[in-house]
Structures are given as structure tokens and as C-alpha cells.
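**Student:** This is work.tsv (TSV, C-alpha atoms and all ligand atoms).
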```
chain	number	residue	atom	x	y	z
A	128	MET	CA	-6.45	11.33	-7.78
A	129	ILE	CA	-3.75	9.48	-5.84
A	130	ASP	CA	-2.15	6.12	-6.65
A	131	PHE	CA	-1.71	4.76	-3.12
A	132	HIS	CA	0.72	1.96	-3.95
A	133	CYS	CA	3.26	2.37	-6.72
A	134	HIS	CA	6.92	1.32	-7.02
A	135	LEU	CA	8.05	4.47	-8.78
A	136	ASP	CA	11.74	3.62	-8.34
A	137	LEU	CA	11.38	0.29	-10.13
A	138	TYR	CA	10.23	1.60	-13.52
A	139	PRO	CA	13.00	1.67	-16.13
A	140	ASN	CA	12.31	5.43	-16.50
A	141	PRO	CA	11.19	6.69	-13.06
A	142	VAL	CA	11.96	10.37	-13.77
A	143	ASP	CA	9.69	10.34	-16.85
A	144	ILE	CA	6.89	8.57	-14.93
A	145	ALA	CA	7.15	11.12	-12.08
A	146	GLU	CA	7.04	13.98	-14.59
A	147	GLU	CA	4.04	12.53	-16.45
A	148	ALA	CA	2.20	12.00	-13.13
A	149	ARG	CA	2.76	15.68	-12.34
A	150	ARG	CA	1.50	16.70	-15.81
A	151	ARG	CA	-1.65	14.62	-15.28
A	152	ASN	CA	-2.10	15.93	-11.72
A	153	ILE	CA	-1.83	12.44	-10.18
A	154	GLY	CA	-0.50	11.99	-6.65
A	155	VAL	CA	1.61	8.94	-5.80
A	156	LEU	CA	2.38	7.02	-2.64
A	157	SER	CA	5.79	5.89	-3.81
A	158	VAL	CA	6.55	2.74	-1.83
A	159	THR	CA	10.04	1.25	-1.42
A	160	THR	CA	11.16	-2.31	-0.78
A	161	THR	CA	14.34	-1.65	1.27
A	162	PRO	CA	15.36	1.15	3.67
A	163	SER	CA	18.52	1.73	1.60
A	164	ALA	CA	16.32	2.63	-1.40
A	165	TRP	CA	14.41	5.34	0.47
A	166	ARG	CA	16.80	8.29	0.06
A	167	GLY	CA	17.27	7.86	-3.69
A	168	THR	CA	13.57	7.22	-4.24
A	169	SER	CA	12.55	10.30	-2.26
A	170	ASN	CA	14.76	12.35	-4.59
A	171	LEU	CA	12.27	11.47	-7.37
A	172	ALA	CA	9.72	13.52	-5.42
A	173	LEU	CA	11.84	16.68	-5.13
A	174	GLY	CA	9.76	19.69	-6.09
A	175	ASN	CA	6.58	17.61	-6.33
A	176	PRO	CA	4.69	17.46	-3.00
A	177	ALA	CA	2.06	15.19	-4.62
A	178	ILE	CA	4.60	12.36	-4.56
A	179	ARG	CA	4.99	10.97	-1.04
A	180	THR	CA	7.79	8.48	-0.47
A	181	ALA	CA	7.15	5.61	1.92
A	182	LEU	CA	9.89	3.86	3.87
A	183	GLY	CA	9.61	0.10	3.38
A	184	LEU	CA	11.04	-3.35	3.86
A	185	HIS	CA	9.13	-5.76	1.65
A	186	PRO	CA	8.34	-9.15	3.27
A	187	GLN	CA	10.05	-10.98	0.39
A	188	LEU	CA	13.28	-9.12	1.25
A	189	ALA	CA	12.79	-9.01	5.02
A	190	SER	CA	15.12	-11.91	5.79
A	191	GLU	CA	17.88	-10.90	3.39
A	192	ARG	CA	17.76	-7.24	4.56
A	193	ILE	CA	16.97	-7.66	8.26
A	194	HIS	CA	20.31	-5.88	8.90
A	195	GLU	CA	18.73	-2.70	7.46
A	196	MET	CA	16.30	-2.38	10.40
A	197	PRO	CA	18.58	0.13	12.22
A	198	LEU	CA	18.53	2.25	9.04
A	199	PHE	CA	14.73	1.94	8.94
A	200	LYS	CA	14.53	3.33	12.47
A	201	ASP	CA	16.97	6.15	11.66
A	202	LEU	CA	14.94	7.24	8.62
A	203	LEU	CA	11.47	6.90	10.15
A	204	PRO	CA	11.39	10.45	11.63
A	205	GLU	CA	11.83	11.82	8.08
A	206	THR	CA	8.55	10.50	6.66
A	207	ASP	CA	4.87	10.14	7.54
A	208	PHE	CA	4.55	7.13	5.22
A	209	VAL	CA	5.67	3.52	5.61
A	210	GLY	CA	5.50	0.74	2.98
A	211	GLU	CA	5.77	-1.67	1.47
A	212	VAL	CA	5.81	-3.80	4.62
A	213	GLY	CA	3.86	-6.85	5.80
A	214	LEU	CA	3.94	-10.61	5.52
A	215	ASP	CA	3.93	-13.00	2.57
A	216	GLY	CA	2.82	-16.59	3.18
A	217	SER	CA	3.31	-17.88	-0.37
A	218	PRO	CA	5.05	-21.29	-0.57
A	219	GLU	CA	8.31	-19.77	-1.89
A	220	ASN	CA	8.48	-17.46	1.15
A	221	GLN	CA	7.64	-20.01	3.86
A	222	GLY	CA	11.33	-20.39	4.77
A	223	THR	CA	11.60	-16.75	5.86
A	224	ARG	CA	8.40	-16.65	7.94
A	225	HIS	CA	10.20	-16.15	11.23
A	226	ASP	CA	12.33	-13.23	10.02
A	227	GLN	CA	9.30	-11.70	8.27
A	228	GLN	CA	7.39	-11.75	11.57
A	229	ILE	CA	10.27	-10.12	13.47
A	230	VAL	CA	10.73	-7.38	10.87
A	231	PHE	CA	7.00	-6.60	10.59
A	232	ARG	CA	6.58	-6.56	14.37
A	233	ASP	CA	9.58	-4.24	14.84
A	234	ILE	CA	8.28	-1.92	12.11
A	235	LEU	CA	4.84	-1.71	13.74
A	236	ARG	CA	6.45	-1.06	17.15
A	237	ALA	CA	8.62	1.69	15.67
A	238	CYS	CA	5.58	3.33	14.02
A	239	ASP	CA	3.72	3.06	17.30
A	240	GLN	CA	6.55	4.76	19.22
A	241	ALA	CA	6.89	7.42	16.53
A	242	GLY	CA	3.27	8.48	16.98
A	243	GLY	CA	1.74	6.57	14.04
A	244	ARG	CA	2.26	6.48	10.30
A	245	VAL	CA	0.23	5.80	7.15
A	246	ILE	CA	1.34	2.26	6.30
A	247	SER	CA	0.90	0.35	3.02
A	248	VAL	CA	0.67	-3.33	3.98
A	249	HIS	CA	1.25	-6.47	1.92
A	250	SER	CA	-0.71	-9.53	3.12
A	251	ARG	CA	-0.61	-12.11	0.29
A	252	ASN	CA	-1.44	-15.57	1.67
A	253	ALA	CA	-0.94	-14.12	5.15
A	254	ALA	CA	-4.02	-12.00	5.89
A	255	SER	CA	-4.72	-13.68	9.26
A	256	ALA	CA	-1.09	-13.35	10.41
A	257	VAL	CA	-1.08	-9.69	9.32
A	258	MET	CA	-4.30	-9.06	11.25
A	259	ASP	CA	-2.82	-10.76	14.35
A	260	GLN	CA	0.01	-8.22	14.29
A	261	LEU	CA	-2.14	-5.20	13.44
A	262	GLU	CA	-4.53	-6.05	16.26
A	263	ARG	CA	-1.59	-6.15	18.67
A	264	HIS	CA	-0.44	-2.67	17.58
A	265	LEU	CA	-3.47	-0.42	17.70
A	266	ARG	CA	-1.62	2.90	17.89
A	267	THR	CA	0.50	2.21	14.87
A	268	GLY	CA	-1.40	4.67	12.66
A	269	THR	CA	-3.44	4.14	9.51
A	270	ALA	CA	-2.97	0.74	7.89
A	271	ILE	CA	-3.84	0.47	4.21
A	272	LEU	CA	-4.11	-3.14	3.07
A	273	HIS	CA	-2.78	-3.15	-0.46
A	274	TRP	CA	-4.33	-5.63	-2.96
A	275	PHE	CA	-6.16	-7.46	-0.17
A	276	SER	CA	-6.82	-11.10	-1.12
A	277	GLY	CA	-7.89	-12.71	2.16
A	278	ASN	CA	-11.20	-14.41	2.85
A	279	LYS	CA	-14.41	-12.81	4.11
A	280	THR	CA	-13.58	-13.55	7.77
A	281	GLU	CA	-10.20	-11.86	7.39
A	282	LEU	CA	-11.89	-8.95	5.64
A	283	ARG	CA	-14.27	-8.55	8.59
A	284	ARG	CA	-11.30	-8.50	10.97
A	285	ALA	CA	-9.61	-5.83	8.86
A	286	ILE	CA	-12.75	-3.70	8.83
A	287	ALA	CA	-13.13	-4.06	12.61
A	288	ARG	CA	-9.46	-2.98	12.98
A	289	ASP	CA	-10.33	0.14	10.95
A	290	CYS	CA	-8.00	-0.77	8.08
A	291	TRP	CA	-8.17	0.94	4.72
A	292	PHE	CA	-7.93	-0.82	1.35
A	293	SER	CA	-6.08	0.22	-1.81
A	294	VAL	CA	-7.74	-1.38	-4.81
A	295	GLY	CA	-6.23	-1.67	-8.29
A	296	PRO	CA	-7.43	-2.76	-11.72
A	297	SER	CA	-5.75	-6.18	-11.37
A	298	MET	CA	-7.71	-6.93	-8.22
A	299	LEU	CA	-11.01	-6.50	-10.05
A	300	VAL	CA	-10.27	-8.99	-12.84
A	301	GLY	CA	-11.54	-12.05	-10.93
A	302	ALA	CA	-14.80	-12.81	-9.12
A	303	LYS	CA	-13.06	-13.13	-5.72
A	304	GLY	CA	-11.58	-9.63	-5.85
A	305	GLN	CA	-14.90	-8.16	-7.01
A	306	SER	CA	-16.73	-9.84	-4.17
A	307	LEU	CA	-14.19	-8.56	-1.61
A	308	VAL	CA	-14.48	-5.02	-2.98
A	309	SER	CA	-18.27	-5.19	-2.80
A	310	ALA	CA	-17.95	-5.92	0.95
A	311	MET	CA	-15.44	-3.11	1.67
A	312	PRO	CA	-16.73	-0.01	3.48
A	313	ARG	CA	-17.12	2.81	0.95
A	314	ASN	CA	-15.35	5.27	3.25
A	315	ARG	CA	-12.21	3.08	3.43
A	316	VAL	CA	-11.31	2.48	-0.24
A	317	LEU	CA	-8.42	4.09	-2.15
A	318	LEU	CA	-6.92	3.38	-5.58
A	319	GLU	CA	-3.57	1.82	-6.49
A	320	SER	CA	-1.66	0.69	-9.58
A	321	ASP	CA	1.05	-1.49	-7.94
A	322	GLY	CA	3.07	-0.62	-11.05
A	323	PRO	CA	5.35	-1.58	-12.62
A	324	PHE	CA	4.57	-5.16	-11.48
A	325	THR	CA	1.05	-5.14	-12.86
A	326	ALA	CA	0.16	-5.01	-16.52
A	327	GLN	CA	-2.82	-4.75	-18.78
A	328	LYS	CA	-2.68	-5.73	-22.45
A	329	GLY	CA	1.07	-6.34	-22.10
A	330	ARG	CA	1.82	-2.82	-20.84
A	331	SER	CA	3.02	-2.03	-17.28
A	332	LEU	CA	0.49	0.00	-15.31
A	333	ALA	CA	1.51	3.58	-14.51
A	334	PRO	CA	0.20	5.68	-11.58
A	335	TRP	CA	-2.60	7.24	-13.67
A	336	ASP	CA	-3.82	3.71	-14.56
A	337	ALA	CA	-5.03	3.29	-10.96
A	338	ALA	CA	-8.15	5.06	-12.29
A	339	LEU	CA	-8.90	1.96	-14.40
A	340	ALA	CA	-10.21	0.40	-11.18
A	341	ILE	CA	-13.08	2.91	-11.01
A	342	ASP	CA	-15.39	1.05	-13.43
A	343	GLY	CA	-14.90	-2.24	-11.56
A	344	ILE	CA	-15.59	-0.60	-8.20
A	345	SER	CA	-18.65	1.06	-9.69
A	346	ARG	CA	-19.99	-2.36	-10.75
A	347	ALA	CA	-19.12	-3.95	-7.38
A	348	TRP	CA	-20.93	-1.18	-5.49
A	349	ASN	CA	-23.69	-0.74	-8.05
A	350	ILE	CA	-23.28	3.05	-8.17
A	351	PRO	CA	-22.22	5.33	-11.08
A	352	PRO	CA	-18.46	5.80	-11.72
A	353	GLU	CA	-18.73	9.54	-10.92
A	354	GLU	CA	-19.96	8.64	-7.46
A	355	VAL	CA	-16.98	6.28	-6.96
A	356	VAL	CA	-14.63	9.12	-7.98
A	357	SER	CA	-16.13	11.51	-5.46
A	358	LEU	CA	-16.08	8.88	-2.66
A	359	VAL	CA	-12.44	8.00	-3.41
A	360	GLN	CA	-11.42	11.67	-3.48
A	361	SER	CA	-13.09	12.25	-0.16
A	362	ASN	CA	-11.31	9.15	1.23
A	363	GLU	CA	-7.94	10.45	-0.04
A	364	ARG	CA	-8.50	13.67	1.91
A	365	SER	CA	-9.49	11.79	5.08
A	366	VAL	CA	-6.52	9.44	5.02
A	367	LEU	CA	-4.10	12.34	4.54
A	368	ARG	CA	-5.71	14.15	7.46
A	369	THR	CA	-4.67	11.26	9.75
A	370	ILE	CA	-1.02	12.35	9.59
A	401	MN	MN	3.81	-3.73	-4.30
```
Now that the file is in, can you turn its structure into C-alpha cells?
Ligand code: MN

**Tutor:**
Amino acid sequence: MIDFHCHLDLYPNPVDIAEEARRRNIGVLSVTTTPSAWRGTSNLALGNPAIRTALGLHPQLASERIHEMPLFKDLLPETDFVGEVGLDGSPENQGTRHDQQIVFRDILRACDQAGGRVISVHSRNAASAVMDQLERHLRTGTAILHWFSGNKTELRRAIARDCWFSVGPSMLVGAKGQSLVSAMPRNRVLLESDGPFTAQKGRSLAPWDAALAIDGISRAWNIPPEEVVSLVQSNERSVLRTI
């Protein structure tokens, strides 16, 4: 099993988490929030090919770190994975909308020119704006919408754009998330923890906790959990074949 969106470098004890993931045979898409964090974070994956380190510039940091875009472009040839990138339209991030758009657009262009990447995309309160950009960059690679929380129209656009979805336990807590998951194509769903920023029962989720989403997906799709596991595993293989 692979946790397709985890901030490994932001746990207080990232080396222990990486080691425990290896012991449990869990793969990790280890996303970063700034280009300057990529090198150090990829060192956490040394000797463990099941940890893949994505090069990111989080929308909430896009304005403050826009000067790191040249570094992003320098590092891009070193990895097949990009994230966390995207747009955030929450009220507290309205002031940086313009810079967020420039950074996201330049990242998609760079991925396009580099021959495509697997990209973990943030779209909170900005699903339509994210889809506008993704529809303009069709050769950008495989976009995985992480913790998608748009409406049904935005979901239909994402499906038509051939986006993937990484779904975590936190997304399945409410009725809206469950209803979105029930409408997602079964051959486009992956798991995620989004740790350490998500918690259950007061404890930060770890990569292996991405599996806690399986029961919720099983209810949303009305199929047994074992069938969800085999679909997700087959999806993990397909998405990795795109690079
Ligand atoms: Mn995240």
C-alpha cells in the first residue's frame, strides 16, 4: 500500500516514521512545501525506493517563496514527482491569489516541458480555478487531486480531465466527502494520510493510517473492503506506470 500524500519531513521524528513505514511495507509519496526542503527530505528516502520525494511549493507559501521558482526548475529533472502544489482560495489566502496563480501556472508549464510528472495537487476552496489551469496544461502528466473538496460540477470536470484522487480517513468523516468519493471513478482512487496535519483520536496520522480510509470507501462504493484494497493496489500500479 502507498500513502500518496504525506509530509514526512514535518513529523517531529521523520527518520523513525520512515523506518516504521519500511517495516510495515508501506510506500510513501513524500510531498514537500518548498523547493529548498526537497534535498533534505529526499535524504529521508535514501536506501528505501518505496519512499518517493515530490518537489513542491505549497499554495500557502507560494507568495512568500516565489523566489524559489528558479530552484524548483533546477531540481525538477531529478524527480518524477511534484507536490504539494496548487491553489488555496480560503479567506486567509485571498491576498496571495495572484502569486499563487503565477506559481501554479509556472509549475504546470515546467512539468509540461519536462515531459510530464505525477503531481499531488491542493485545491481547497479553489477547485474551479485549479481545473481552469489543469485544463490549460493537458500534457503536464498525471494530476492527483489530494483531499478533493469541490462540488459535483467540479468533480465532473476533474474526471473529464482524467485526474486521480487521493482519499484519506479525514475526508470520509463527513457526508460531503463520502458523497464525493461515491462519485469518483474506481480506477482513479488512491489513499493518503496527509500526516502529520491530520489526526484521529488526538493522534497524528502516520503513512500506514492511510489504510483507515478503506472502510469508508467500501461503504461509499458498497463493495467489500477486500475489493477496495485490490482496486487501490491496481490503481497504485497504474499511476506509477505513467512515469
Ligand atoms: Mn498536505

**Student:** Give me the residues near A:Leu235 as a list in words, where near means some atom within 8 Å (using only C-alpha atoms) and where sequence neighbours in that chain fewer than 2 positions away do not count.

**Tutor:**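 Surrounding residues, per the criterion: Phe231, Arg232, Asp233, Ala237, Cys238, Asp239, Leu261, His264 and Thr267 of chain A.
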
**Student:** Of the residues A:His194, A:Arg224, A:Arg251, A:Arg244, which is the one nearest to ligand MN 401 (chain A), using all atoms listed in the file?

**Tutor:**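 Among A:His194, A:Arg224, A:Arg251, A:Arg244, it is A:Arg251 that comes nearest to ligand MN 401 (chain A).
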
**Student:** What residues of the protein or nucleic acid chains come within 8 Å of ligand MN 401 (chain A) when you use only C-alpha atoms and all ligand atoms? Reply as a PDB file with C-alpha atoms, in the frame of the given file.

**Tutor:**
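Resulting contents of out_28.pdb:
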```pdb
ATOM      1  CA  HIS A 132       0.720   1.960  -3.950  1.00  0.00           C
ATOM      2  CA  CYS A 133       3.260   2.370  -6.720  1.00  0.00           C
ATOM      3  CA  HIS A 134       6.920   1.320  -7.020  1.00  0.00           C
ATOM      4  CA  VAL A 158       6.550   2.740  -1.830  1.00  0.00           C
ATOM      5  CA  GLU A 211       5.770  -1.670   1.470  1.00  0.00           C
ATOM      6  CA  HIS A 249       1.250  -6.470   1.920  1.00  0.00           C
ATOM      7  CA  HIS A 273      -2.780  -3.150  -0.460  1.00  0.00           C
ATOM      8  CA  ASP A 321       1.050  -1.490  -7.940  1.00  0.00           C
ATOM      9  CA  GLY A 322       3.070  -0.620 -11.050  1.00  0.00           C
ATOM     10  CA  PHE A 324       4.570  -5.160 -11.480  1.00  0.00           C
TER      11      PHE A 324
END
```

**Student:** Quick check, in Å to one decimal: how far apart do atom CA of A:Asn140 and atom CA of A:Gln327 lie?

**Tutor:** 18.4 Å

**Student:** For a quick check of understanding, using all atoms listed in the file, which of A:Pro312, A:Gly295, A:Gly277, A:Gly343 has the smallest distance to A:Thr325?

**Tutor:**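 Result for the nearest residue to A:Thr325: A:Gly295.
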
**Student:** Quick one: everything within 6 Å of stretch 160-168 of chain A, counting only C-alpha atoms, minus sequence neighbours fewer than 4 positions away in the same chain. Send it as a VMD selection string.

**Tutor:** chain A and resid 136 182 to 185 199 211

**Student:** At most 9 Å from (-12.3, 8.0, 2.3), file frame, all atoms listed in the file: which residues, as a list in words?

**Tutor:**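 Protein, DNA and RNA residues close to (-12.3, 8.0, 2.3): Trp291, Arg313, Asn314, Arg315, Val316, Leu317, Leu358, Val359, Gln360, Ser361, Asn362, Glu363, Arg364, Ser365 and Val366 of chain A.
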
**Student:** Find, counting only C-alpha atoms, the residue in A:Val212, A:Thr369, A:Tyr138, A:Met128 that gets nearest to A:Leu332.

**Tutor:**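 The shortest atom-to-atom distance to A:Leu332 comes from A:Tyr138.
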
**Student:** Looking at all atoms listed in the file, which of A:Glu219, A:Glu146, A:Glu281, A:Asp207 is the one that sits closest to A:Ile370?

**Tutor:**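 So, comparing all the options, the nearest one is A:Asp207.
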
**Student:** Of the candidates A:Leu299, A:Arg266, A:Asp215, A:Ser255, which one gets nearest to A:Ala285 if we count all atoms listed in the file?

**Tutor:**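 That would be A:Ser255, the residue with the smallest distance to A:Ala285.
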
**Student:** Closest to A:Ala177 among A:Leu198, A:Ala253, A:Ala148, A:Val294, using only C-alpha atoms?

**Tutor:**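 Between A:Leu198, A:Ala253, A:Ala148, A:Val294, the residue approaching A:Ala177 most closely is A:Ala148.
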
**Student:** Quick one: pull the distance between atom CA of A:Gln240 and atom CA of A:Gln260, Å, one decimal.

**Tutor:**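 We find that atom CA of A:Gln240 and atom CA of A:Gln260 lie 15.3 Å from each other.
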
**Student:** What does the distance from atom CA of A:Phe208 to atom CA of A:Ala172 come to in Å, to one decimal?

**Tutor:**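 Computed distance, atom CA of A:Phe208 to atom CA of A:Ala172, equals 13.4 Å.
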